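Below: one structure, written as structure tokens.
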Amino acid sequence: MVLSVGRLDWITEELENLKKQGLYVTIRKLQTAQGPWVVVDGKRVLNMCSNNYLGLAAHPRIKEAAIKAILDYGVGAGAVRTIAGTMELHEILEDKLARFKRREAAVVFQSGYNANLGALSALGWGRKDLVFVSEELNHASIIDAMRLAGAPKVIYKHVDMEDLKKKLEEVKDYRIKVIVTDGVFSMDGDLAPLPEIVELAEQYNAIVYVDDAHGEGVLGDHGRGIVDYYKLHDRVDFEMGTLSKAFGVIGGYVAGDRESIEFIKQRGRPFLFSSAMNPPDVAAAIAAVEILEESDELIKKLWENTHILQKGLRDAGFDLGNTKHPITPVMLYDEKLTQEFSRRLFDEYNIFAQAIVYPTVPKGKARIRLEPSAAHKPEDMKYVVDSFTELARKVGFFK
Ligand SMILES: *Cc1c(COP(=O)(O)O)cnc(C)c1O
């Protein structure tokens with residue numbers, strides 16, 4: 001007889017270990033749509049931790065587009081893209097995204113995570129003549145994608161162009177070199193120095209791949225992203241993006257030249273082996289791109305709120321690091337203090353803002369990460385500044 005009792009005990013132990021180390025994540029429950037004010041665990045709070053930068057997640061026009069798509073096309077795409085899952089809606093979205101990004105072509109995936117997985121693994125698949133040159137603080141989806149690809153990789157230090165040059169020199173004999181970087185770094189809001197990266201890439205004949213998850217809808221003309229912001233369209237080869245942040249929906253994509261995108265469709269595993277984005281999500285994403293093309297009013301509001309929030313916090317004496325983006329890291333340094341600060345913001349000030357601690361950021365660099373949106377009011381930003389200042393005094397962070 002096989003003894004099966006206790007075969008999952010190790011999971012209980014692992015969970016207890018996480019709790020002991022303070023690494024156990026408590027997941028809060030939203031009871032309303034995403035927006036500037038939400039009900040979380042039964043309490044109405046000011047939402048300062050969503051990536052819904054433009055407030056599009058519950059925008060009336062986007063909701064209507066999704067409802068209409070359900071009536072016309074149903075809820076499921078029915079198959080993977082290459083078998084019977086590509087609908088005309090998917091192609092409309094890809095054409096719109098390509099035009100929006102001012103590129104020849106684009107391919108959509110079920111998420112930004114899958115877009116990185118699909119594109120980078122397609123490029124690197126088992127190749128020994130290709131090397132990834134990857135920035136130290138790249139998003140987990142890039143790290144996972146490089147693992148899946150199985151090609152060699154080297155890591156260069158965060159925004160350190162001397163080190164990038166050194167690493168490119170080390171790998172200069174590889175036939176194919178792919179520099180991969182986040183455009184905006186999600187925990188700090190600082191930007192990749194793309195003009196310098198592109199210079200070095202040209203010097204070493206390397207491909208440039210930028211993950212623009214936080215740049216779209218925020219930076220550049222009408223939110224076209226970081227490549228547009230720096231005016232580097234002809235010098236960056238691949239722009240990956242997500243439809244889940246500023247666009248407010250779900251899905252991801254990669255834009256580039258026609259043949260490269262064709263190649264990703266032939267080889268990208270999440271494209272080949274996971275069913276296509278659902279019709280209502282595709283229609284909602286199409287509406288989101290149209291809204292951005294028509295007007296940059298929401299982006300202007302996002303930046304107005306960002307300036308009020310960041311100027312207020314800096315004037316009050318907080319360190320916001322090197323952010324150039326609505327991502328606002330309020331540095332509190334100490335892990336325990338930061339956890340307490342977040343809890344008391346919620347309990348005493350009705351502000352929902354998450355503590356970001358080790359291992360997401362280095363030890364001693366704990367912070368509260370704030371994300372303003374276009375849907376907030378200037379008064380909301382002032383309320384956050386006043387609450388942070390008062391609470392910082394109460395906890396002894398400000399003397
Ligand atoms: C959020 C994010 C992703 C993943 O996008 P999803 O659409 O949520 O899967 C990829 N890269 C970066 C830099 C991100 O911030």
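Letters A, B, ... go to the chains of the structure tokens in the order shown; residues in each chain start at 1; ligands are counted from 1 in the same order.
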Can you pull out every residue with an atom within 8 Å of ligand 1? Use only C-alpha atoms and all ligand atoms and format it as a count of residues only.
29
Members of range 207-364 of chain A assigned helix (DSSP H, G or I) by DSSP, as a PyMOL selection string
chain A and resi 221-223+226-229+258-267+269-273+279-294+297-316+335-349
Go ahead and write the selection's residues with C-alpha atoms as a compact mmCIF listing (two decimals), in the first residue's frame.
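File produced: again-v8.txt:
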```txt
# COMPACT_ATOMS: atom_id res chain seq x y z
CA ASP A 221 3.14 62.07 -28.53
CA HIS A 222 -0.40 60.88 -27.57
CA GLY A 223 1.22 58.22 -25.36
CA ILE A 226 9.38 55.86 -24.77
CA VAL A 227 10.73 55.31 -28.29
CA ASP A 228 8.54 58.14 -29.55
CA TYR A 229 9.50 60.27 -26.53
CA ARG A 258 7.03 43.12 -41.03
CA GLU A 259 9.36 40.14 -41.32
CA SER A 260 10.41 40.12 -37.68
CA ILE A 261 6.76 40.11 -36.61
CA GLU A 262 6.03 37.33 -39.11
CA PHE A 263 8.89 35.33 -37.57
CA ILE A 264 7.49 35.79 -34.03
CA LYS A 265 4.13 34.47 -35.27
CA GLN A 266 5.88 31.36 -36.61
CA ARG A 267 7.93 30.67 -33.49
CA ARG A 269 5.24 29.63 -28.11
CA PRO A 270 2.41 31.52 -26.31
CA PHE A 271 1.16 32.47 -29.82
CA LEU A 272 1.27 28.86 -31.01
CA PHE A 273 0.20 27.02 -27.87
CA PRO A 279 -13.08 39.15 -28.54
CA PRO A 280 -14.41 41.61 -25.88
CA ASP A 281 -10.86 42.29 -24.69
CA VAL A 282 -9.67 42.85 -28.25
CA ALA A 283 -12.54 45.23 -28.98
CA ALA A 284 -11.90 47.09 -25.72
CA ALA A 285 -8.22 47.46 -26.62
CA ILE A 286 -9.14 48.78 -30.08
CA ALA A 287 -11.34 51.43 -28.43
CA ALA A 288 -8.51 52.35 -26.05
CA VAL A 289 -6.07 52.93 -28.93
CA GLU A 290 -8.70 55.03 -30.72
CA ILE A 291 -9.24 57.17 -27.63
CA LEU A 292 -5.49 57.87 -27.41
CA GLU A 293 -5.20 58.62 -31.12
CA GLU A 294 -8.05 61.12 -30.99
CA GLU A 297 -6.41 65.13 -22.87
CA LEU A 298 -6.20 62.18 -20.45
CA ILE A 299 -2.40 62.11 -20.68
CA LYS A 300 -2.27 65.82 -19.85
CA LYS A 301 -4.47 65.21 -16.78
CA LEU A 302 -2.25 62.32 -15.69
CA TRP A 303 0.83 64.56 -15.86
CA GLU A 304 -0.92 67.46 -14.05
CA ASN A 305 -1.78 65.11 -11.18
CA THR A 306 1.75 63.68 -11.24
CA HIS A 307 3.30 67.15 -10.91
CA ILE A 308 1.03 68.14 -8.01
CA LEU A 309 1.76 64.89 -6.17
CA GLN A 310 5.52 64.81 -6.75
CA LYS A 311 6.13 68.51 -6.12
CA GLY A 312 4.05 68.33 -2.92
CA LEU A 313 5.90 65.30 -1.60
CA ARG A 314 9.34 66.71 -2.50
CA ASP A 315 8.52 70.07 -0.90
CA ALA A 316 7.43 68.21 2.25
CA GLU A 335 11.06 47.44 5.76
CA LYS A 336 9.06 47.32 9.01
CA LEU A 337 8.34 51.06 8.98
CA THR A 338 7.18 50.87 5.37
CA GLN A 339 4.78 48.00 6.10
CA GLU A 340 3.38 49.92 9.07
CA PHE A 341 3.09 53.11 7.00
CA SER A 342 1.07 51.33 4.31
CA ARG A 343 -1.24 49.72 6.90
CA ARG A 344 -1.85 53.01 8.69
CA LEU A 345 -2.48 54.86 5.41
CA PHE A 346 -5.25 52.35 4.82
CA ASP A 347 -6.65 52.25 8.37
CA GLU A 348 -6.35 55.92 9.36
CA TYR A 349 -6.38 57.85 6.06
```
Find the residues near Phe352 in chain A: any atom within 12 Å, counting only C-alpha atoms, skip ones fewer than 3 places away on the same chain, and give them as number ranges by chain.
A: 28-30, 35-41, 43-50, 341-349, 355, 368-372, 384, 387
According to DSSP computed on the backbone, where in range 253-389 of chain A is there strand (DSSP E)? Give the residues as a list in words.
Tyr253, Val254, Ala255, Gly256, Thr328, Pro329, Val330, Met331, Leu332, Tyr333, Ile351, Phe352, Ala355, Ile356, Ala366, Arg367, Ile368, Arg369 and Leu370 of chain A
Go ahead and write the selection's residues with C-alpha atoms as an mmCIF file, in the first residue's frame.
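The result, stored in part_3.cif:
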```cif
data_model
loop_
_atom_site.group_PDB
_atom_site.id
_atom_site.type_symbol
_atom_site.label_atom_id
_atom_site.label_comp_id
_atom_site.auth_asym_id
_atom_site.auth_seq_id
_atom_site.Cartn_x
_atom_site.Cartn_y
_atom_site.Cartn_z
ATOM 1 C CA TYR A 253 1.978 42.990 -28.164
ATOM 2 C CA VAL A 254 5.262 43.379 -29.978
ATOM 3 C CA ALA A 255 5.744 45.894 -32.792
ATOM 4 C CA GLY A 256 8.563 46.007 -35.325
ATOM 5 C CA THR A 328 6.233 57.740 -7.486
ATOM 6 C CA PRO A 329 8.452 55.806 -5.059
ATOM 7 C CA VAL A 330 8.230 57.432 -1.619
ATOM 8 C CA MET A 331 11.417 56.186 0.024
ATOM 9 C CA LEU A 332 11.015 55.147 3.661
ATOM 10 C CA TYR A 333 14.048 52.764 3.517
ATOM 11 C CA ILE A 351 -5.458 55.548 1.224
ATOM 12 C CA PHE A 352 -4.716 52.287 -0.599
ATOM 13 C CA ALA A 355 4.551 48.778 0.553
ATOM 14 C CA ILE A 356 7.314 47.576 -1.774
ATOM 15 C CA ALA A 366 11.756 49.922 1.080
ATOM 16 C CA ARG A 367 9.197 52.348 -0.250
ATOM 17 C CA ILE A 368 5.537 53.080 -0.821
ATOM 18 C CA ARG A 369 4.943 53.194 -4.561
ATOM 19 C CA LEU A 370 2.233 55.671 -5.570
#
```
Proximity to Leu54 in chain A - best of A:Glu216, A:Glu390, A:Asp334, A:Asp319, only C-alpha atoms:
A:Glu216
Using only C-alpha atoms, which of A:Gly118, A:Phe100, A:Lys128, A:Thr12 sits nearest Asp144 in chain A?
A:Gly118
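Of note, CA of Pro60 in chain A and CA of Leu97 in chain A are spaced 21.1 Å apart.
As for CA of Val218 in chain A and CA of Arg235 in chain A, they are spaced 20.8 Å apart.
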Which residue out of A:Lys153, A:Lys363, A:Lys166, A:Arg102 has the minimum interatomic distance to Gly225 in chain A when only C-alpha atoms are used?
A:Arg102
Find the residue from A:Leu123, A:Ala246, A:Val361, A:Met277 that sits nearest to Gly55 in chain A; use only C-alpha atoms when measuring.
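Among the listed residues, the smallest separation from Gly55 in chain A belongs to A:Ala246.
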Counting only C-alpha atoms, which residue out of A:Ile179, A:Phe318, A:Phe388, A:Arg61 sits closest to Asn350 in chain A?
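Checking each of A:Ile179, A:Phe318, A:Phe388, A:Arg61 against Asn350 in chain A, counting only C-alpha atoms, the winner is A:Phe388.
Minimum atom-to-atom distances from A:Ile83, A:Val249, A:Leu232, A:Val210 to Ala66 in chain A were compared using only C-alpha atoms, and the lowest value belongs to A:Val249.
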d(CA of Gly248 in chain A, CA of Ala65 in chain A) in Å
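That distance, rounded to one decimal, is 13.0 Å.
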